[in-house]
$ cat data.pdb   # PDB, N, CA and C atoms, pLDDT in the B column
ATOM      1  N   MET A   1     131.026-159.611 -67.478  1.00 82.00           N
ATOM      2  CA  MET A   1     131.088-160.287 -66.214  1.00 82.00           C
ATOM      3  C   MET A   1     129.652-160.652 -65.816  1.00 82.00           C
ATOM      4  N   HIS A   2     129.452-161.889 -65.430  1.00 89.00           N
ATOM      5  CA  HIS A   2     128.114-162.369 -65.100  1.00 89.00           C
ATOM      6  C   HIS A   2     128.064-162.848 -63.658  1.00 89.00           C
ATOM      7  N   VAL A   3     126.923-162.555 -63.022  1.00 90.00           N
ATOM      8  CA  VAL A   3     126.654-163.064 -61.682  1.00 90.00           C
ATOM      9  C   VAL A   3     125.224-163.588 -61.692  1.00 90.00           C
ATOM     10  N   ILE A   4     125.037-164.782 -61.173  1.00 90.00           N
ATOM     11  CA  ILE A   4     123.711-165.401 -61.159  1.00 90.00           C
ATOM     12  C   ILE A   4     123.032-165.076 -59.834  1.00 90.00           C
ATOM     13  N   VAL A   5     121.777-164.583 -59.913  1.00 92.00           N
ATOM     14  CA  VAL A   5     120.983-164.304 -58.724  1.00 92.00           C
ATOM     15  C   VAL A   5     120.122-165.530 -58.457  1.00 92.00           C
ATOM     16  N   ARG A   6     120.330-166.112 -57.293  1.00 92.00           N
ATOM     17  CA  ARG A   6     119.580-167.326 -56.934  1.00 92.00           C
ATOM     18  C   ARG A   6     118.583-167.008 -55.832  1.00 92.00           C
ATOM     19  N   ASP A   7     117.369-167.492 -55.967  1.00 93.00           N
ATOM     20  CA  ASP A   7     116.308-167.326 -54.966  1.00 93.00           C
ATOM     21  C   ASP A   7     116.080-165.857 -54.601  1.00 93.00           C
ATOM     22  N   ASN A   8     116.170-164.973 -55.591  1.00 93.00           N
ATOM     23  CA  ASN A   8     115.989-163.524 -55.385  1.00 93.00           C
ATOM     24  C   ASN A   8     116.906-162.958 -54.305  1.00 93.00           C
ATOM     25  N   ASN A   9     118.065-163.540 -54.126  1.00 93.00           N
ATOM     26  CA  ASN A   9     119.027-163.088 -53.125  1.00 93.00           C
ATOM     27  C   ASN A   9     120.012-162.123 -53.792  1.00 93.00           C
ATOM     28  N   VAL A  10     119.583-160.871 -53.884  1.00 95.00           N
ATOM     29  CA  VAL A  10     120.383-159.858 -54.580  1.00 95.00           C
ATOM     30  C   VAL A  10     121.625-159.497 -53.775  1.00 95.00           C
ATOM     31  N   ASP A  11     121.522-159.497 -52.447  1.00 95.00           N
ATOM     32  CA  ASP A  11     122.672-159.143 -51.617  1.00 95.00           C
ATOM     33  C   ASP A  11     123.833-160.106 -51.840  1.00 95.00           C
ATOM     34  N   GLN A  12     123.538-161.371 -51.913  1.00 95.00           N
ATOM     35  CA  GLN A  12     124.584-162.365 -52.139  1.00 95.00           C
ATOM     36  C   GLN A  12     125.185-162.189 -53.533  1.00 95.00           C
ATOM     37  N   ALA A  13     124.342-161.891 -54.512  1.00 95.00           N
ATOM     38  CA  ALA A  13     124.839-161.680 -55.872  1.00 95.00           C
ATOM     39  C   ALA A  13     125.727-160.442 -55.940  1.00 95.00           C
ATOM     40  N   LEU A  14     125.351-159.389 -55.215  1.00 96.00           N
ATOM     41  CA  LEU A  14     126.183-158.178 -55.182  1.00 96.00           C
ATOM     42  C   LEU A  14     127.541-158.461 -54.556  1.00 96.00           C
ATOM     43  N   ARG A  15     127.555-159.234 -53.482  1.00 95.00           N
ATOM     44  CA  ARG A  15     128.833-159.591 -52.849  1.00 95.00           C
ATOM     45  C   ARG A  15     129.711-160.360 -53.824  1.00 95.00           C
ATOM     46  N   ALA A  16     129.114-161.290 -54.554  1.00 95.00           N
ATOM     47  CA  ALA A  16     129.876-162.075 -55.530  1.00 95.00           C
ATOM     48  C   ALA A  16     130.417-161.173 -56.635  1.00 95.00           C
ATOM     49  N   LEU A  17     129.583-160.221 -57.084  1.00 95.00           N
ATOM     50  CA  LEU A  17     130.018-159.299 -58.135  1.00 95.00           C
ATOM     51  C   LEU A  17     131.178-158.438 -57.652  1.00 95.00           C
ATOM     52  N   LYS A  18     131.084-157.923 -56.443  1.00 96.00           N
ATOM     53  CA  LYS A  18     132.156-157.089 -55.899  1.00 96.00           C
ATOM     54  C   LYS A  18     133.453-157.875 -55.775  1.00 96.00           C
ATOM     55  N   LYS A  19     133.353-159.142 -55.358  1.00 95.00           N
ATOM     56  CA  LYS A  19     134.547-159.985 -55.255  1.00 95.00           C
ATOM     57  C   LYS A  19     135.207-160.166 -56.616  1.00 95.00           C
ATOM     58  N   LYS A  20     134.360-160.445 -57.628  1.00 95.00           N
ATOM     59  CA  LYS A  20     134.899-160.635 -58.974  1.00 95.00           C
ATOM     60  C   LYS A  20     135.567-159.360 -59.476  1.00 95.00           C
ATOM     61  N   MET A  21     134.918-158.223 -59.239  1.00 95.00           N
ATOM     62  CA  MET A  21     135.477-156.942 -59.687  1.00 95.00           C
ATOM     63  C   MET A  21     136.785-156.642 -58.961  1.00 95.00           C
ATOM     64  N   GLN A  22     136.844-156.960 -57.687  1.00 95.00           N
ATOM     65  CA  GLN A  22     138.061-156.747 -56.913  1.00 95.00           C
ATOM     66  C   GLN A  22     139.203-157.599 -57.469  1.00 95.00           C
ATOM     67  N   ARG A  23     138.915-158.877 -57.762  1.00 94.00           N
ATOM     68  CA  ARG A  23     139.930-159.775 -58.307  1.00 94.00           C
ATOM     69  C   ARG A  23     140.436-159.302 -59.666  1.00 94.00           C
ATOM     70  N   GLU A  24     139.537-158.757 -60.483  1.00 94.00           N
ATOM     71  CA  GLU A  24     139.918-158.295 -61.817  1.00 94.00           C
ATOM     72  C   GLU A  24     140.647-156.951 -61.781  1.00 94.00           C
ATOM     73  N   GLY A  25     140.569-156.242 -60.646  1.00 92.00           N
ATOM     74  CA  GLY A  25     141.246-154.951 -60.532  1.00 92.00           C
ATOM     75  C   GLY A  25     140.450-153.798 -61.112  1.00 92.00           C
ATOM     76  N   ILE A  26     139.141-153.960 -61.229  1.00 94.00           N
ATOM     77  CA  ILE A  26     138.305-152.920 -61.837  1.00 94.00           C
ATOM     78  C   ILE A  26     138.222-151.697 -60.932  1.00 94.00           C
ATOM     79  N   PHE A  27     138.093-151.891 -59.613  1.00 93.00           N
ATOM     80  CA  PHE A  27     138.000-150.761 -58.693  1.00 93.00           C
ATOM     81  C   PHE A  27     139.279-149.933 -58.733  1.00 93.00           C
ATOM     82  N   ARG A  28     140.396-150.607 -58.778  1.00 91.00           N
ATOM     83  CA  ARG A  28     141.690-149.917 -58.829  1.00 91.00           C
ATOM     84  C   ARG A  28     141.811-149.123 -60.127  1.00 91.00           C
ATOM     85  N   GLU A  29     141.386-149.737 -61.216  1.00 92.00           N
ATOM     86  CA  GLU A  29     141.422-149.074 -62.524  1.00 92.00           C
ATOM     87  C   GLU A  29     140.543-147.824 -62.523  1.00 92.00           C
ATOM     88  N   MET A  30     139.362-147.928 -61.930  1.00 94.00           N
ATOM     89  CA  MET A  30     138.457-146.782 -61.872  1.00 94.00           C
ATOM     90  C   MET A  30     139.086-145.651 -61.069  1.00 94.00           C
ATOM     91  N   LYS A  31     139.722-146.001 -59.963  1.00 93.00           N
ATOM     92  CA  LYS A  31     140.365-144.993 -59.124  1.00 93.00           C
ATOM     93  C   LYS A  31     141.493-144.296 -59.888  1.00 93.00           C
ATOM     94  N   LEU A  32     142.274-145.065 -60.638  1.00 92.00           N
ATOM     95  CA  LEU A  32     143.388-144.483 -61.386  1.00 92.00           C
ATOM     96  C   LEU A  32     142.903-143.590 -62.532  1.00 92.00           C
ATOM     97  N   ARG A  33     141.774-143.923 -63.127  1.00 93.00           N
ATOM     98  CA  ARG A  33     141.278-143.165 -64.273  1.00 93.00           C
ATOM     99  C   ARG A  33     140.443-141.950 -63.885  1.00 93.00           C
ATOM    100  N   ARG A  34     140.228-141.736 -62.578  1.00 95.00           N
ATOM    101  CA  ARG A  34     139.452-140.583 -62.132  1.00 95.00           C
ATOM    102  C   ARG A  34     140.087-139.276 -62.605  1.00 95.00           C
ATOM    103  N   ASN A  35     141.411-139.213 -62.523  1.00 95.00           N
ATOM    104  CA  ASN A  35     142.151-138.025 -62.946  1.00 95.00           C
ATOM    105  C   ASN A  35     143.137-138.416 -64.041  1.00 95.00           C
ATOM    106  N   PHE A  36     143.454-137.449 -64.892  1.00 95.00           N
ATOM    107  CA  PHE A  36     144.420-137.707 -65.951  1.00 95.00           C
ATOM    108  C   PHE A  36     145.798-137.917 -65.339  1.00 95.00           C
ATOM    109  N   GLU A  37     146.499-138.896 -65.853  1.00 94.00           N
ATOM    110  CA  GLU A  37     147.848-139.193 -65.391  1.00 94.00           C
ATOM    111  C   GLU A  37     148.797-139.067 -66.579  1.00 94.00           C
ATOM    112  N   LYS A  38     149.785-138.210 -66.428  1.00 96.00           N
ATOM    113  CA  LYS A  38     150.734-138.025 -67.521  1.00 96.00           C
ATOM    114  C   LYS A  38     151.470-139.336 -67.780  1.00 96.00           C
ATOM    115  N   PRO A  39     151.867-139.561 -69.037  1.00 96.00           N
ATOM    116  CA  PRO A  39     152.585-140.809 -69.353  1.00 96.00           C
ATOM    117  C   PRO A  39     153.849-141.012 -68.512  1.00 96.00           C
ATOM    118  N   SER A  40     154.566-139.924 -68.223  1.00 97.00           N
ATOM    119  CA  SER A  40     155.775-140.066 -67.409  1.00 97.00           C
ATOM    120  C   SER A  40     155.424-140.475 -65.982  1.00 97.00           C
ATOM    121  N   GLU A  41     154.316-139.933 -65.447  1.00 95.00           N
ATOM    122  CA  GLU A  41     153.877-140.315 -64.106  1.00 95.00           C
ATOM    123  C   GLU A  41     153.442-141.772 -64.089  1.00 95.00           C
ATOM    124  N   ARG A  42     152.783-142.196 -65.157  1.00 95.00           N
ATOM    125  CA  ARG A  42     152.319-143.580 -65.256  1.00 95.00           C
ATOM    126  C   ARG A  42     153.501-144.545 -65.265  1.00 95.00           C
ATOM    127  N   ARG A  43     154.528-144.219 -66.061  1.00 97.00           N
ATOM    128  CA  ARG A  43     155.716-145.071 -66.110  1.00 97.00           C
ATOM    129  C   ARG A  43     156.385-145.140 -64.745  1.00 97.00           C
ATOM    130  N   ALA A  44     156.491-143.999 -64.067  1.00 97.00           N
ATOM    131  CA  ALA A  44     157.136-143.971 -62.752  1.00 97.00           C
ATOM    132  C   ALA A  44     156.329-144.806 -61.748  1.00 97.00           C
ATOM    133  N   ARG A  45     155.005-144.690 -61.785  1.00 95.00           N
ATOM    134  CA  ARG A  45     154.159-145.447 -60.866  1.00 95.00           C
ATOM    135  C   ARG A  45     154.284-146.941 -61.127  1.00 95.00           C
ATOM    136  N   GLU A  46     154.241-147.321 -62.399  1.00 95.00           N
ATOM    137  CA  GLU A  46     154.345-148.741 -62.743  1.00 95.00           C
ATOM    138  C   GLU A  46     155.702-149.307 -62.357  1.00 95.00           C
ATOM    139  N   GLN A  47     156.748-148.514 -62.540  1.00 98.00           N
ATOM    140  CA  GLN A  47     158.090-148.958 -62.153  1.00 98.00           C
ATOM    141  C   GLN A  47     158.175-149.150 -60.644  1.00 98.00           C
ATOM    142  N   ALA A  48     157.606-148.207 -59.887  1.00 97.00           N
ATOM    143  CA  ALA A  48     157.613-148.315 -58.430  1.00 97.00           C
ATOM    144  C   ALA A  48     156.815-149.544 -57.981  1.00 97.00           C
ATOM    145  N   GLU A  49     155.695-149.813 -58.634  1.00 95.00           N
ATOM    146  CA  GLU A  49     154.909-150.993 -58.303  1.00 95.00           C
ATOM    147  C   GLU A  49     155.688-152.278 -58.573  1.00 95.00           C
ATOM    148  N   ALA A  50     156.425-152.294 -59.676  1.00 97.00           N
ATOM    149  CA  ALA A  50     157.219-153.474 -60.012  1.00 97.00           C
ATOM    150  C   ALA A  50     158.306-153.699 -58.959  1.00 97.00           C
ATOM    151  N   VAL A  51     158.943-152.627 -58.516  1.00 98.00           N
ATOM    152  CA  VAL A  51     159.982-152.737 -57.486  1.00 98.00           C
ATOM    153  C   VAL A  51     159.372-153.276 -56.200  1.00 98.00           C
ATOM    154  N   ARG A  52     158.182-152.750 -55.827  1.00 97.00           N
ATOM    155  CA  ARG A  52     157.506-153.213 -54.615  1.00 97.00           C
ATOM    156  C   ARG A  52     157.159-154.694 -54.703  1.00 97.00           C
ATOM    157  N   ARG A  53     156.633-155.107 -55.867  1.00 97.00           N
ATOM    158  CA  ARG A  53     156.282-156.518 -56.045  1.00 97.00           C
ATOM    159  C   ARG A  53     157.514-157.406 -55.917  1.00 97.00           C
ATOM    160  N   HIS A  54     158.637-156.972 -56.518  1.00 98.00           N
ATOM    161  CA  HIS A  54     159.870-157.752 -56.498  1.00 98.00           C
ATOM    162  C   HIS A  54     160.401-157.883 -55.063  1.00 98.00           C
ATOM    163  N   ARG A  55     160.391-156.764 -54.315  1.00 98.00           N
ATOM    164  CA  ARG A  55     160.870-156.810 -52.931  1.00 98.00           C
ATOM    165  C   ARG A  55     159.998-157.717 -52.074  1.00 98.00           C
ATOM    166  N   LYS A  56     158.683-157.666 -52.320  1.00 97.00           N
ATOM    167  CA  LYS A  56     157.770-158.513 -51.563  1.00 97.00           C
ATOM    168  C   LYS A  56     158.061-159.986 -51.864  1.00 97.00           C
ATOM    169  N   LEU A  57     158.296-160.303 -53.144  1.00 96.00           N
ATOM    170  CA  LEU A  57     158.613-161.672 -53.546  1.00 96.00           C
ATOM    171  C   LEU A  57     159.903-162.140 -52.868  1.00 96.00           C
ATOM    172  N   LEU A  58     160.918-161.271 -52.841  1.00 95.00           N
ATOM    173  CA  LEU A  58     162.181-161.634 -52.198  1.00 95.00           C
ATOM    174  C   LEU A  58     161.989-161.866 -50.704  1.00 95.00           C
ATOM    175  N   ARG A  59     161.182-160.993 -50.055  1.00 94.00           N
ATOM    176  CA  ARG A  59     160.906-161.151 -48.634  1.00 94.00           C
ATOM    177  C   ARG A  59     160.246-162.487 -48.348  1.00 94.00           C
ATOM    178  N   LYS A  60     159.246-162.828 -49.151  1.00 94.00           N
ATOM    179  CA  LYS A  60     158.541-164.098 -48.955  1.00 94.00           C
ATOM    180  C   LYS A  60     159.464-165.284 -49.209  1.00 94.00           C
ATOM    181  N   ARG A  61     160.315-165.175 -50.216  1.00 93.00           N
ATOM    182  CA  ARG A  61     161.244-166.256 -50.528  1.00 93.00           C
ATOM    183  C   ARG A  61     162.244-166.460 -49.386  1.00 93.00           C
ATOM    184  N   LEU A  62     162.760-165.345 -48.830  1.00 92.00           N
ATOM    185  CA  LEU A  62     163.693-165.457 -47.705  1.00 92.00           C
ATOM    186  C   LEU A  62     163.007-166.070 -46.489  1.00 92.00           C
ATOM    187  N   GLU A  63     161.760-165.657 -46.267  1.00 91.00           N
ATOM    188  CA  GLU A  63     161.010-166.197 -45.129  1.00 91.00           C
ATOM    189  C   GLU A  63     160.764-167.700 -45.297  1.00 91.00           C
ATOM    190  N   ARG A  64     160.446-168.109 -46.501  1.00 90.00           N
ATOM    191  CA  ARG A  64     160.162-169.512 -46.779  1.00 90.00           C
ATOM    192  C   ARG A  64     161.421-170.369 -46.639  1.00 90.00           C
ATOM    193  N   GLU A  65     162.549-169.856 -47.128  1.00 88.00           N
ATOM    194  CA  GLU A  65     163.786-170.616 -47.096  1.00 88.00           C
ATOM    195  C   GLU A  65     164.482-170.515 -45.749  1.00 88.00           C
ATOM    196  N   GLY A  66     164.107-169.541 -44.925  1.00 80.00           N
ATOM    197  CA  GLY A  66     164.624-169.434 -43.563  1.00 80.00           C
ATOM    198  C   GLY A  66     166.035-168.886 -43.458  1.00 80.00           C
ATOM    199  N   PHE A  67     166.366-167.930 -44.281  1.00 65.00           N
ATOM    200  CA  PHE A  67     167.712-167.326 -44.191  1.00 65.00           C
ATOM    201  C   PHE A  67     167.709-166.124 -43.301  1.00 65.00           C
TER     202      PHE A  67
END

$ encode --input "data.pdb" --output "structure tokens"
Amino acid sequence: MHVIVRDNNVDQALRALKKKMQREGIFREMKLRRNFEKPSERRAREQAEAVRRHRKLLRKRLEREGF
């Protein structure tokens, strides 16, 4: 991952880097890898996340279509 520092403006470059890392999900990955997660726990978490994503999609679709 690359970030260009322009005019010695390190603060702006850091903000850009953090945004890129946030979009890529690196912070979330680091948080998850802090502790060991059993494979069964990982599957359960991923399944729950998928259910949440699906429900959110349905909610947005209902809101958009106005039912």

$ residues_around --input "data.pdb" --residues "Val5 in chain A" --least-positions-apart "3" --cutoff "12 Å" --atoms "only C-alpha atoms" --output "list in words"
His2, Asn8, Asn9, Val10, Asp11, Gln12, Ala13, Leu14, Arg15, Ala16 and Leu17 of chain A

$ write_last_selection --input "data.pdb" --atoms "N, CA and C atoms" --output "mmCIF file, in the coordinates of the input"
data_model
loop_
_atom_site.group_PDB
_atom_site.id
_atom_site.type_symbol
_atom_site.label_atom_id
_atom_site.label_comp_id
_atom_site.auth_asym_id
_atom_site.auth_seq_id
_atom_site.Cartn_x
_atom_site.Cartn_y
_atom_site.Cartn_z
ATOM 1 N N HIS A 2 129.452 -161.889 -65.430
ATOM 2 C CA HIS A 2 128.114 -162.369 -65.100
ATOM 3 C C HIS A 2 128.064 -162.848 -63.658
ATOM 4 N N ASN A 8 116.170 -164.973 -55.591
ATOM 5 C CA ASN A 8 115.989 -163.524 -55.385
ATOM 6 C C ASN A 8 116.906 -162.958 -54.305
ATOM 7 N N ASN A 9 118.065 -163.540 -54.126
ATOM 8 C CA ASN A 9 119.027 -163.088 -53.125
ATOM 9 C C ASN A 9 120.012 -162.123 -53.792
ATOM 10 N N VAL A 10 119.583 -160.871 -53.884
ATOM 11 C CA VAL A 10 120.383 -159.858 -54.580
ATOM 12 C C VAL A 10 121.625 -159.497 -53.775
ATOM 13 N N ASP A 11 121.522 -159.497 -52.447
ATOM 14 C CA ASP A 11 122.672 -159.143 -51.617
ATOM 15 C C ASP A 11 123.833 -160.106 -51.840
ATOM 16 N N GLN A 12 123.538 -161.371 -51.913
ATOM 17 C CA GLN A 12 124.584 -162.365 -52.139
ATOM 18 C C GLN A 12 125.185 -162.189 -53.533
ATOM 19 N N ALA A 13 124.342 -161.891 -54.512
ATOM 20 C CA ALA A 13 124.839 -161.680 -55.872
ATOM 21 C C ALA A 13 125.727 -160.442 -55.940
ATOM 22 N N LEU A 14 125.351 -159.389 -55.215
ATOM 23 C CA LEU A 14 126.183 -158.178 -55.182
ATOM 24 C C LEU A 14 127.541 -158.461 -54.556
ATOM 25 N N ARG A 15 127.555 -159.234 -53.482
ATOM 26 C CA ARG A 15 128.833 -159.591 -52.849
ATOM 27 C C ARG A 15 129.711 -160.360 -53.824
ATOM 28 N N ALA A 16 129.114 -161.290 -54.554
ATOM 29 C CA ALA A 16 129.876 -162.075 -55.530
ATOM 30 C C ALA A 16 130.417 -161.173 -56.635
ATOM 31 N N LEU A 17 129.583 -160.221 -57.084
ATOM 32 C CA LEU A 17 130.018 -159.299 -58.135
ATOM 33 C C LEU A 17 131.178 -158.438 -57.652
#

$ select_by_dssp --input "data.pdb" --residues "chain A" --states "helix (DSSP H, G or I)" --output "PyMOL selection string"
chain A and resi 10-24+26-33+39-65

$ write_last_selection --input "data.pdb" --atoms "N, CA and C atoms" --output "short mmCIF file (atom, residue, chain, number, x, y, z; two decimals), in the frame of the given file"
data_model
loop_
_atom_site.label_atom_id
_atom_site.label_comp_id
_atom_site.auth_asym_id
_atom_site.auth_seq_id
_atom_site.Cartn_x
_atom_site.Cartn_y
_atom_site.Cartn_z
N VAL A 10 119.58 -160.87 -53.88
CA VAL A 10 120.38 -159.86 -54.58
C VAL A 10 121.62 -159.50 -53.78
N ASP A 11 121.52 -159.50 -52.45
CA ASP A 11 122.67 -159.14 -51.62
C ASP A 11 123.83 -160.11 -51.84
N GLN A 12 123.54 -161.37 -51.91
CA GLN A 12 124.58 -162.36 -52.14
C GLN A 12 125.18 -162.19 -53.53
N ALA A 13 124.34 -161.89 -54.51
CA ALA A 13 124.84 -161.68 -55.87
C ALA A 13 125.73 -160.44 -55.94
N LEU A 14 125.35 -159.39 -55.22
CA LEU A 14 126.18 -158.18 -55.18
C LEU A 14 127.54 -158.46 -54.56
N ARG A 15 127.56 -159.23 -53.48
CA ARG A 15 128.83 -159.59 -52.85
C ARG A 15 129.71 -160.36 -53.82
N ALA A 16 129.11 -161.29 -54.55
CA ALA A 16 129.88 -162.07 -55.53
C ALA A 16 130.42 -161.17 -56.64
N LEU A 17 129.58 -160.22 -57.08
CA LEU A 17 130.02 -159.30 -58.14
C LEU A 17 131.18 -158.44 -57.65
N LYS A 18 131.08 -157.92 -56.44
CA LYS A 18 132.16 -157.09 -55.90
C LYS A 18 133.45 -157.88 -55.78
N LYS A 19 133.35 -159.14 -55.36
CA LYS A 19 134.55 -159.99 -55.26
C LYS A 19 135.21 -160.17 -56.62
N LYS A 20 134.36 -160.44 -57.63
CA LYS A 20 134.90 -160.64 -58.97
C LYS A 20 135.57 -159.36 -59.48
N MET A 21 134.92 -158.22 -59.24
CA MET A 21 135.48 -156.94 -59.69
C MET A 21 136.78 -156.64 -58.96
N GLN A 22 136.84 -156.96 -57.69
CA GLN A 22 138.06 -156.75 -56.91
C GLN A 22 139.20 -157.60 -57.47
N ARG A 23 138.92 -158.88 -57.76
CA ARG A 23 139.93 -159.78 -58.31
C ARG A 23 140.44 -159.30 -59.67
N GLU A 24 139.54 -158.76 -60.48
CA GLU A 24 139.92 -158.29 -61.82
C GLU A 24 140.65 -156.95 -61.78
N ILE A 26 139.14 -153.96 -61.23
CA ILE A 26 138.30 -152.92 -61.84
C ILE A 26 138.22 -151.70 -60.93
N PHE A 27 138.09 -151.89 -59.61
CA PHE A 27 138.00 -150.76 -58.69
C PHE A 27 139.28 -149.93 -58.73
N ARG A 28 140.40 -150.61 -58.78
CA ARG A 28 141.69 -149.92 -58.83
C ARG A 28 141.81 -149.12 -60.13
N GLU A 29 141.39 -149.74 -61.22
CA GLU A 29 141.42 -149.07 -62.52
C GLU A 29 140.54 -147.82 -62.52
N MET A 30 139.36 -147.93 -61.93
CA MET A 30 138.46 -146.78 -61.87
C MET A 30 139.09 -145.65 -61.07
N LYS A 31 139.72 -146.00 -59.96
CA LYS A 31 140.36 -144.99 -59.12
C LYS A 31 141.49 -144.30 -59.89
N LEU A 32 142.27 -145.06 -60.64
CA LEU A 32 143.39 -144.48 -61.39
C LEU A 32 142.90 -143.59 -62.53
N ARG A 33 141.77 -143.92 -63.13
CA ARG A 33 141.28 -143.16 -64.27
C ARG A 33 140.44 -141.95 -63.88
N PRO A 39 151.87 -139.56 -69.04
CA PRO A 39 152.58 -140.81 -69.35
C PRO A 39 153.85 -141.01 -68.51
N SER A 40 154.57 -139.92 -68.22
CA SER A 40 155.78 -140.07 -67.41
C SER A 40 155.42 -140.48 -65.98
N GLU A 41 154.32 -139.93 -65.45
CA GLU A 41 153.88 -140.32 -64.11
C GLU A 41 153.44 -141.77 -64.09
N ARG A 42 152.78 -142.20 -65.16
CA ARG A 42 152.32 -143.58 -65.26
C ARG A 42 153.50 -144.54 -65.26
N ARG A 43 154.53 -144.22 -66.06
CA ARG A 43 155.72 -145.07 -66.11
C ARG A 43 156.38 -145.14 -64.74
N ALA A 44 156.49 -144.00 -64.07
CA ALA A 44 157.14 -143.97 -62.75
C ALA A 44 156.33 -144.81 -61.75
N ARG A 45 155.00 -144.69 -61.78
CA ARG A 45 154.16 -145.45 -60.87
C ARG A 45 154.28 -146.94 -61.13
N GLU A 46 154.24 -147.32 -62.40
CA GLU A 46 154.34 -148.74 -62.74
C GLU A 46 155.70 -149.31 -62.36
N GLN A 47 156.75 -148.51 -62.54
CA GLN A 47 158.09 -148.96 -62.15
C GLN A 47 158.18 -149.15 -60.64
N ALA A 48 157.61 -148.21 -59.89
CA ALA A 48 157.61 -148.32 -58.43
C ALA A 48 156.82 -149.54 -57.98
N GLU A 49 155.70 -149.81 -58.63
CA GLU A 49 154.91 -150.99 -58.30
C GLU A 49 155.69 -152.28 -58.57
N ALA A 50 156.43 -152.29 -59.68
CA ALA A 50 157.22 -153.47 -60.01
C ALA A 50 158.31 -153.70 -58.96
N VAL A 51 158.94 -152.63 -58.52
CA VAL A 51 159.98 -152.74 -57.49
C VAL A 51 159.37 -153.28 -56.20
N ARG A 52 158.18 -152.75 -55.83
CA ARG A 52 157.51 -153.21 -54.62
C ARG A 52 157.16 -154.69 -54.70
N ARG A 53 156.63 -155.11 -55.87
CA ARG A 53 156.28 -156.52 -56.04
C ARG A 53 157.51 -157.41 -55.92
N HIS A 54 158.64 -156.97 -56.52
CA HIS A 54 159.87 -157.75 -56.50
C HIS A 54 160.40 -157.88 -55.06
N ARG A 55 160.39 -156.76 -54.32
CA ARG A 55 160.87 -156.81 -52.93
C ARG A 55 160.00 -157.72 -52.07
N LYS A 56 158.68 -157.67 -52.32
CA LYS A 56 157.77 -158.51 -51.56
C LYS A 56 158.06 -159.99 -51.86
N LEU A 57 158.30 -160.30 -53.14
CA LEU A 57 158.61 -161.67 -53.55
C LEU A 57 159.90 -162.14 -52.87
N LEU A 58 160.92 -161.27 -52.84
CA LEU A 58 162.18 -161.63 -52.20
C LEU A 58 161.99 -161.87 -50.70
N ARG A 59 161.18 -160.99 -50.06
CA ARG A 59 160.91 -161.15 -48.63
C ARG A 59 160.25 -162.49 -48.35
N LYS A 60 159.25 -162.83 -49.15
CA LYS A 60 158.54 -164.10 -48.96
C LYS A 60 159.46 -165.28 -49.21
N ARG A 61 160.32 -165.18 -50.22
CA ARG A 61 161.24 -166.26 -50.53
C ARG A 61 162.24 -166.46 -49.39
N LEU A 62 162.76 -165.34 -48.83
CA LEU A 62 163.69 -165.46 -47.70
C LEU A 62 163.01 -166.07 -46.49
N GLU A 63 161.76 -165.66 -46.27
CA GLU A 63 161.01 -166.20 -45.13
C GLU A 63 160.76 -167.70 -45.30
N ARG A 64 160.45 -168.11 -46.50
CA ARG A 64 160.16 -169.51 -46.78
C ARG A 64 161.42 -170.37 -46.64
N GLU A 65 162.55 -169.86 -47.13
CA GLU A 65 163.79 -170.62 -47.10
C GLU A 65 164.48 -170.52 -45.75
#

$ atom_distance --input "data.pdb" --atom1 "atom N of Val3 in chain A" --atom2 "atom N of Lys20 in chain A"
9.4 Å

$ atom_distance --input "data.pdb" --atom1 "CA of Glu29 in chain A" --atom2 "CA of Arg45 in chain A"
13.3 Å

$ atom_distance --input "data.pdb" --atom1 "CA of Leu58 in chain A" --atom2 "atom C of Glu24 in chain A"
24.0 Å
